[in-house]
Amino acid sequence: MGIFTDMDRRRFTAALATGLALPFTTSAAPAPRRPLLPARLKRGDTVGLITPASFIDDDSLQRAYQQIEGLGLTVKPGRYLRSEHGFLAGSDRERLDDLHAMFADRDVKAVWCARGGYGSARLLPALNYDLIRRNPKILIGYSDITALLNAITNQTGLVTYHGPVGSSEFTPYTERHMRNALLEGEAWQRIELPDGATEQYIIHPGIATGSLWGGNLSLLAAMVGTKAVPDLEGKVLFIEEVGEKPYRVDRMLTQLRQAWQLQRCAGIMLGLFHDCEADAGDRSLTLRETLTDRLGDLGIPVAYGLPIGHIKDMCTLPVGGTVRFSALDFYIEPSV
């Protein structure tokens, strides 16, 4: 299936009005189990701030404090928040202890990851899923935190949140969608593209509804063969990436195709793959050609350029919640 241009999109919309047959897919998942929803945050609530992956520098930590406190919340730092062990924010035991301690602490109403980096997947074999299930609360982060979000949701049923880490820049767009997802008195709203978005394209048109799973492509590929991700039949998968050349993107998507039978997904939402083009002079497909080659023949809705990933304006998504996704008009409707 070729890539849809803006002209294709206009022809497609006109065709819908006249009843012409086009390769449009509407896909819905089987009825999922009822997700375990954490309570929303109220002004004055305490949020546990942890670093389950890489070390956070002083400036980034200060920004995390200021932004979270700016939401009317109180920050409680993890005991090992400033630990350092090579490229990690402390030993595996220290980072795991902080995660468990925040879930066990009844005064803590949410667990906010201060940054990503690398290391979250190292914690999966020792996670206390029973502890987390007995103490359901918000867990939010993205990038390397993909490993924790998917594993915890898959093993406990608790909806987790793919959204800004504490040190991300809370732009008005980012903060608005984060508030809609997390704060009491707010509600999920349709997620549409931020103003000025120009990098979107349709790989296969259609509308998909289903339970939502996914995150960073490198982490998803690394989790193949683990219990972190469920059977994706009828699920909506979302993927983002940063700093990987097209041949690496190709390799990881090929792995997911072969391991997870991606054609059985309800649909695939692609965020913005920042800094993922080949260098000038490289013998390479473009990123767009690579994504189309690996995902365009699946026969399910696929679109690129949703506000997900290592970008300035990012949305917050409910991992394990239900979404409706349009690979035509580029919107996401979480219904959790």
# chains A, B, ... in the order shown; residues from 1 in each chain; ligands from 1
$ residues_around --residues "A:Phe170" --least-positions-apart "5" --cutoff "10 Å" --atoms "only C-alpha atoms" --output "list in words"
Arg63, Ala64, Gln67, Ile68, Pro164, Val165, Glu175, Arg176, Met178, Lys312, Asp313 and Met314 of chain A
$ write_last_selection --atoms "N, CA and C atoms" --output "compact mmCIF listing (two decimals), in the first residue's frame"
# COMPACT_ATOMS: atom_id res chain seq x y z
N ARG A 63 14.11 21.35 37.36
CA ARG A 63 12.98 21.56 36.47
C ARG A 63 11.83 20.61 36.81
N ALA A 64 12.16 19.37 37.12
CA ALA A 64 11.12 18.40 37.48
C ALA A 64 10.37 18.86 38.73
N GLN A 67 8.14 21.99 37.92
CA GLN A 67 6.98 21.74 37.07
C GLN A 67 5.91 20.94 37.81
N ILE A 68 6.31 19.94 38.55
CA ILE A 68 5.33 19.13 39.28
C ILE A 68 4.70 19.95 40.40
N PRO A 164 4.90 12.79 29.81
CA PRO A 164 6.16 13.46 30.09
C PRO A 164 6.81 12.97 31.38
N VAL A 165 8.12 12.79 31.35
CA VAL A 165 8.86 12.59 32.59
C VAL A 165 8.93 13.94 33.30
N GLU A 175 1.19 20.05 28.85
CA GLU A 175 0.54 20.16 30.15
C GLU A 175 -0.97 19.97 30.04
N ARG A 176 -1.57 20.51 29.01
CA ARG A 176 -3.03 20.38 28.86
C ARG A 176 -3.45 18.92 28.77
N MET A 178 -1.70 16.30 29.64
CA MET A 178 -1.33 15.60 30.86
C MET A 178 -2.38 15.86 31.95
N LYS A 312 8.66 18.21 21.52
CA LYS A 312 8.31 19.30 22.42
C LYS A 312 6.86 19.20 22.89
N ASP A 313 5.94 19.05 21.96
CA ASP A 313 4.52 18.95 22.29
C ASP A 313 4.09 17.49 22.23
N MET A 314 3.91 16.88 23.39
CA MET A 314 3.56 15.46 23.45
C MET A 314 2.28 15.26 24.25
$ select_by_dssp --residues "stretch 94-315 of chain A" --states "helix (DSSP H, G or I)" --output "PDB file with C-alpha atoms, in the first residue's frame"
ATOM      1  CA  GLU A  94      18.319   0.885  44.798  1.00  0.00           C
ATOM      2  CA  ARG A  95      16.176   1.829  41.841  1.00  0.00           C
ATOM      3  CA  LEU A  96      13.826  -1.082  42.473  1.00  0.00           C
ATOM      4  CA  ASP A  97      13.551  -0.213  46.169  1.00  0.00           C
ATOM      5  CA  ASP A  98      12.517   3.359  45.297  1.00  0.00           C
ATOM      6  CA  LEU A  99       9.820   2.113  42.923  1.00  0.00           C
ATOM      7  CA  HIS A 100       8.449  -0.378  45.456  1.00  0.00           C
ATOM      8  CA  ALA A 101       8.632   2.136  48.303  1.00  0.00           C
ATOM      9  CA  MET A 102       6.558   4.678  46.396  1.00  0.00           C
ATOM     10  CA  PHE A 103       3.859   2.137  45.593  1.00  0.00           C
ATOM     11  CA  ALA A 104       3.814   0.910  49.205  1.00  0.00           C
ATOM     12  CA  SER A 120      14.286   0.207  33.440  1.00  0.00           C
ATOM     13  CA  ALA A 121      14.134  -3.181  31.740  1.00  0.00           C
ATOM     14  CA  ARG A 122      16.779  -4.498  34.146  1.00  0.00           C
ATOM     15  CA  LEU A 123      14.186  -4.208  36.931  1.00  0.00           C
ATOM     16  CA  LEU A 124      11.449  -6.338  35.356  1.00  0.00           C
ATOM     17  CA  PRO A 125      12.418  -9.777  36.740  1.00  0.00           C
ATOM     18  CA  ALA A 126      12.301  -8.512  40.341  1.00  0.00           C
ATOM     19  CA  TYR A 129       3.520  -7.096  40.917  1.00  0.00           C
ATOM     20  CA  ASP A 130       1.378  -8.116  43.903  1.00  0.00           C
ATOM     21  CA  LEU A 131       2.515  -5.034  45.815  1.00  0.00           C
ATOM     22  CA  ILE A 132       1.695  -2.803  42.850  1.00  0.00           C
ATOM     23  CA  ARG A 133      -1.700  -4.451  42.283  1.00  0.00           C
ATOM     24  CA  ARG A 134      -2.638  -3.942  45.941  1.00  0.00           C
ATOM     25  CA  SER A 143      11.135   6.518  26.525  1.00  0.00           C
ATOM     26  CA  ASP A 144      13.027   3.935  28.618  1.00  0.00           C
ATOM     27  CA  ILE A 145      10.063   3.845  31.021  1.00  0.00           C
ATOM     28  CA  THR A 146       8.247   1.940  28.243  1.00  0.00           C
ATOM     29  CA  ALA A 147       9.497  -1.267  29.882  1.00  0.00           C
ATOM     30  CA  LEU A 148       7.858  -0.515  33.241  1.00  0.00           C
ATOM     31  CA  LEU A 149       4.597   0.780  31.781  1.00  0.00           C
ATOM     32  CA  ASN A 150       3.899  -2.255  29.631  1.00  0.00           C
ATOM     33  CA  ALA A 151       5.124  -4.867  32.103  1.00  0.00           C
ATOM     34  CA  ILE A 152       3.178  -3.451  35.048  1.00  0.00           C
ATOM     35  CA  THR A 153      -0.010  -3.029  33.049  1.00  0.00           C
ATOM     36  CA  ASN A 154       0.268  -6.493  31.526  1.00  0.00           C
ATOM     37  CA  GLN A 155       0.946  -8.229  34.833  1.00  0.00           C
ATOM     38  CA  THR A 156      -1.433  -6.264  37.087  1.00  0.00           C
ATOM     39  CA  PRO A 172       1.041  24.347  27.148  1.00  0.00           C
ATOM     40  CA  TYR A 173       0.085  21.478  24.809  1.00  0.00           C
ATOM     41  CA  THR A 174       1.931  18.875  26.881  1.00  0.00           C
ATOM     42  CA  GLU A 175       0.537  20.156  30.154  1.00  0.00           C
ATOM     43  CA  ARG A 176      -3.030  20.384  28.860  1.00  0.00           C
ATOM     44  CA  HIS A 177      -3.150  16.763  27.745  1.00  0.00           C
ATOM     45  CA  MET A 178      -1.334  15.602  30.864  1.00  0.00           C
ATOM     46  CA  ARG A 179      -3.890  17.423  33.043  1.00  0.00           C
ATOM     47  CA  ASN A 180      -6.736  15.843  31.073  1.00  0.00           C
ATOM     48  CA  ALA A 181      -5.305  12.418  31.820  1.00  0.00           C
ATOM     49  CA  LEU A 182      -4.224  12.748  35.456  1.00  0.00           C
ATOM     50  CA  LEU A 217      10.698   1.103  19.534  1.00  0.00           C
ATOM     51  CA  SER A 218      14.084   0.113  20.957  1.00  0.00           C
ATOM     52  CA  LEU A 219      12.472  -0.932  24.233  1.00  0.00           C
ATOM     53  CA  LEU A 220       9.662  -2.806  22.488  1.00  0.00           C
ATOM     54  CA  ALA A 221      12.210  -4.772  20.452  1.00  0.00           C
ATOM     55  CA  ALA A 222      14.201  -5.488  23.610  1.00  0.00           C
ATOM     56  CA  PRO A 246      16.487   3.915   9.030  1.00  0.00           C
ATOM     57  CA  TYR A 247      18.288   0.570   8.793  1.00  0.00           C
ATOM     58  CA  ARG A 248      18.074   0.216  12.575  1.00  0.00           C
ATOM     59  CA  VAL A 249      14.376   1.144  12.516  1.00  0.00           C
ATOM     60  CA  ASP A 250      13.939  -1.467   9.773  1.00  0.00           C
ATOM     61  CA  ARG A 251      15.692  -4.115  11.878  1.00  0.00           C
ATOM     62  CA  MET A 252      13.572  -3.470  14.960  1.00  0.00           C
ATOM     63  CA  LEU A 253      10.281  -3.341  13.055  1.00  0.00           C
ATOM     64  CA  THR A 254      11.231  -6.565  11.285  1.00  0.00           C
ATOM     65  CA  GLN A 255      11.767  -8.164  14.691  1.00  0.00           C
ATOM     66  CA  LEU A 256       8.339  -6.997  15.879  1.00  0.00           C
ATOM     67  CA  ARG A 257       6.678  -8.204  12.674  1.00  0.00           C
ATOM     68  CA  GLN A 258       8.137 -11.666  13.082  1.00  0.00           C
ATOM     69  CA  ALA A 259       7.661 -11.963  16.849  1.00  0.00           C
ATOM     70  CA  TRP A 260       4.271 -10.314  17.308  1.00  0.00           C
ATOM     71  CA  LEU A 262       1.697  -7.093  13.688  1.00  0.00           C
ATOM     72  CA  GLN A 263      -0.989  -7.697  11.069  1.00  0.00           C
ATOM     73  CA  ARG A 264      -3.168  -8.928  13.951  1.00  0.00           C
ATOM     74  CA  LEU A 287      12.589   6.993   7.221  1.00  0.00           C
ATOM     75  CA  ARG A 288       9.272   7.348   5.400  1.00  0.00           C
ATOM     76  CA  GLU A 289      10.202   4.669   2.879  1.00  0.00           C
ATOM     77  CA  THR A 290      11.353   2.388   5.687  1.00  0.00           C
ATOM     78  CA  LEU A 291       8.153   2.745   7.709  1.00  0.00           C
ATOM     79  CA  THR A 292       6.016   2.193   4.635  1.00  0.00           C
ATOM     80  CA  ASP A 293       8.016  -0.852   3.589  1.00  0.00           C
ATOM     81  CA  ARG A 294       7.728  -2.480   7.035  1.00  0.00           C
ATOM     82  CA  LEU A 295       4.153  -1.462   7.949  1.00  0.00           C
TER      83      LEU A 295
END
$ closest_residue --among "A:Gly72, A:Asn128, A:Arg106, A:Ala114" --to "A:Asp57" --atoms "only C-alpha atoms"
A:Ala114
$ atom_distance --atom1 "atom CA of A:Gly309" --atom2 "atom CA of A:Pro77"
25.1 Å
$ select_by_dssp --residues "stretch 127-261 of chain A" --states "strand (DSSP E)" --output "PyMOL selection string"
chain A and resi 138-141+160-162+201-204+206-216+236-240
$ write_last_selection --atoms "C-alpha atoms" --output "PDB file, in the first residue's frame"
ATOM      1  CA  ILE A 138      -0.570   6.617  38.687  1.00  0.00           C
ATOM      2  CA  LEU A 139       2.770   5.706  37.107  1.00  0.00           C
ATOM      3  CA  ILE A 140       3.929   8.084  34.372  1.00  0.00           C
ATOM      4  CA  GLY A 141       6.945   8.407  32.083  1.00  0.00           C
ATOM      5  CA  THR A 160      -0.211   3.321  33.380  1.00  0.00           C
ATOM      6  CA  TYR A 161       0.554   6.559  31.572  1.00  0.00           C
ATOM      7  CA  HIS A 162       2.896   7.207  28.676  1.00  0.00           C
ATOM      8  CA  TYR A 201       1.360  11.094   6.574  1.00  0.00           C
ATOM      9  CA  ILE A 202      -0.939   8.127   6.190  1.00  0.00           C
ATOM     10  CA  ILE A 203       0.595   4.730   5.510  1.00  0.00           C
ATOM     11  CA  HIS A 204      -2.700   2.808   5.464  1.00  0.00           C
ATOM     12  CA  GLY A 206      -8.647   3.545   8.529  1.00  0.00           C
ATOM     13  CA  ILE A 207      -9.958   3.784  12.067  1.00  0.00           C
ATOM     14  CA  ALA A 208      -8.952   1.439  14.881  1.00  0.00           C
ATOM     15  CA  THR A 209     -10.349   0.890  18.355  1.00  0.00           C
ATOM     16  CA  GLY A 210      -8.740  -1.247  21.017  1.00  0.00           C
ATOM     17  CA  SER A 211      -6.647  -1.556  24.141  1.00  0.00           C
ATOM     18  CA  LEU A 212      -3.494   0.550  23.853  1.00  0.00           C
ATOM     19  CA  TRP A 213       0.073  -0.750  24.225  1.00  0.00           C
ATOM     20  CA  GLY A 214       3.481   0.412  23.085  1.00  0.00           C
ATOM     21  CA  GLY A 215       6.135   3.068  23.520  1.00  0.00           C
ATOM     22  CA  ASN A 216       9.735   3.396  22.416  1.00  0.00           C
ATOM     23  CA  VAL A 236      -3.736  -0.625  19.127  1.00  0.00           C
ATOM     24  CA  LEU A 237       0.057  -0.369  19.131  1.00  0.00           C
ATOM     25  CA  PHE A 238       1.881   2.961  19.371  1.00  0.00           C
ATOM     26  CA  ILE A 239       5.563   3.419  18.557  1.00  0.00           C
ATOM     27  CA  GLU A 240       8.054   6.283  18.821  1.00  0.00           C
TER      28      GLU A 240
END
$ closest_residue --among "A:Leu37, A:Met269, A:Leu158, A:Ala187" --to "A:Gln200" --atoms "only C-alpha atoms"
A:Met269
$ closest_residue --among "A:Leu49, A:Gly271, A:Glu244, A:Pro307" --to "A:Gly196" --atoms "only C-alpha atoms"
A:Pro307
$ atom_distance --atom1 "atom CA of A:Ser326" --atom2 "atom CA of A:Val302"
8.7 Å
$ residues_around --residues "stretch 89-93 of chain A" --least-positions-apart "5" --cutoff "8 Å" --atoms "only C-alpha atoms" --output "tab-separated table (two decimals) with N, CA, C and O atoms, in the first residue's frame"
chain	number	residue	atom	x	y	z
A	51	THR	N	14.04	7.77	39.78
A	51	THR	CA	14.85	7.62	38.56
A	51	THR	C	15.13	6.13	38.35
A	51	THR	O	16.18	5.63	38.79
A	52	PRO	N	14.22	5.40	37.69
A	52	PRO	CA	14.41	3.95	37.51
A	52	PRO	C	15.37	3.58	36.40
A	52	PRO	O	15.62	2.39	36.17
A	53	ALA	N	15.92	4.58	35.73
A	53	ALA	CA	16.82	4.30	34.60
A	53	ALA	C	18.13	5.05	34.80
A	53	ALA	O	18.97	4.65	35.60
A	54	SER	N	18.33	6.16	34.08
A	54	SER	CA	19.61	6.88	34.13
A	54	SER	C	19.61	8.01	35.15
A	54	SER	O	18.56	8.51	35.57
A	55	PHE	N	20.82	8.42	35.53
A	55	PHE	CA	21.05	9.51	36.49
A	55	PHE	C	20.49	10.81	35.94
A	55	PHE	O	20.55	11.08	34.74
A	56	ILE	N	19.96	11.65	36.83
A	56	ILE	CA	19.42	12.95	36.43
A	56	ILE	C	20.33	14.06	36.96
A	56	ILE	O	20.74	14.04	38.14
A	80	TYR	N	16.83	7.00	46.84
A	80	TYR	CA	18.02	6.86	46.01
A	80	TYR	C	17.95	7.71	44.74
A	80	TYR	O	18.61	7.41	43.75
A	81	LEU	N	17.18	8.77	44.80
A	81	LEU	CA	16.97	9.62	43.62
A	81	LEU	C	18.29	10.15	43.05
A	81	LEU	O	18.45	10.27	41.85
A	82	ARG	N	19.28	10.44	43.91
A	82	ARG	CA	20.55	10.99	43.44
A	82	ARG	C	21.66	9.96	43.41
A	82	ARG	O	22.84	10.32	43.29
A	83	SER	N	21.32	8.70	43.53
A	83	SER	CA	22.35	7.66	43.44
A	83	SER	C	22.90	7.59	42.02
A	83	SER	O	22.21	7.96	41.06
A	84	GLU	N	24.09	7.08	41.90
A	84	GLU	CA	24.74	6.97	40.59
A	84	GLU	C	25.59	5.71	40.55
A	84	GLU	O	26.34	5.42	41.48
A	122	ARG	N	16.00	-3.67	33.22
A	122	ARG	CA	16.78	-4.50	34.15
A	122	ARG	C	15.98	-4.84	35.41
A	122	ARG	O	16.27	-5.81	36.10
A	123	LEU	N	14.96	-4.03	35.71
A	123	LEU	CA	14.19	-4.21	36.93
A	123	LEU	C	13.05	-5.22	36.79
A	123	LEU	O	12.50	-5.68	37.80
$ residues_around --residues "A:Lys137" --least-positions-apart "3" --cutoff "6 Å" --atoms "only C-alpha atoms" --output "PDB file with N, CA, C and O atoms, in the first residue's frame"
ATOM      1  N   PRO A  38      -6.201   3.932  38.242  1.00  0.00           N
ATOM      2  CA  PRO A  38      -5.744   4.628  39.455  1.00  0.00           C
ATOM      3  C   PRO A  38      -6.558   5.892  39.677  1.00  0.00           C
ATOM      4  O   PRO A  38      -7.123   6.459  38.744  1.00  0.00           O
ATOM      5  N   LYS A 109       0.456   9.398  46.038  1.00  0.00           N
ATOM      6  CA  LYS A 109      -0.690   9.147  45.169  1.00  0.00           C
ATOM      7  C   LYS A 109      -0.306   8.895  43.713  1.00  0.00           C
ATOM      8  O   LYS A 109      -1.146   8.501  42.912  1.00  0.00           O
ATOM      9  N   ALA A 110       0.943   9.150  43.366  1.00  0.00           N
ATOM     10  CA  ALA A 110       1.414   8.893  42.004  1.00  0.00           C
ATOM     11  C   ALA A 110       2.922   8.702  42.036  1.00  0.00           C
ATOM     12  O   ALA A 110       3.611   9.228  42.914  1.00  0.00           O
TER      13      ALA A 110
END
$ atom_distance --atom1 "atom CA of A:Leu317" --atom2 "atom CA of A:Leu270"
13.0 Å
$ closest_residue --among "A:Gly243, A:Glu184, A:Gln62, A:Lys76" --to "A:Lys42" --atoms "only C-alpha atoms"
A:Glu184
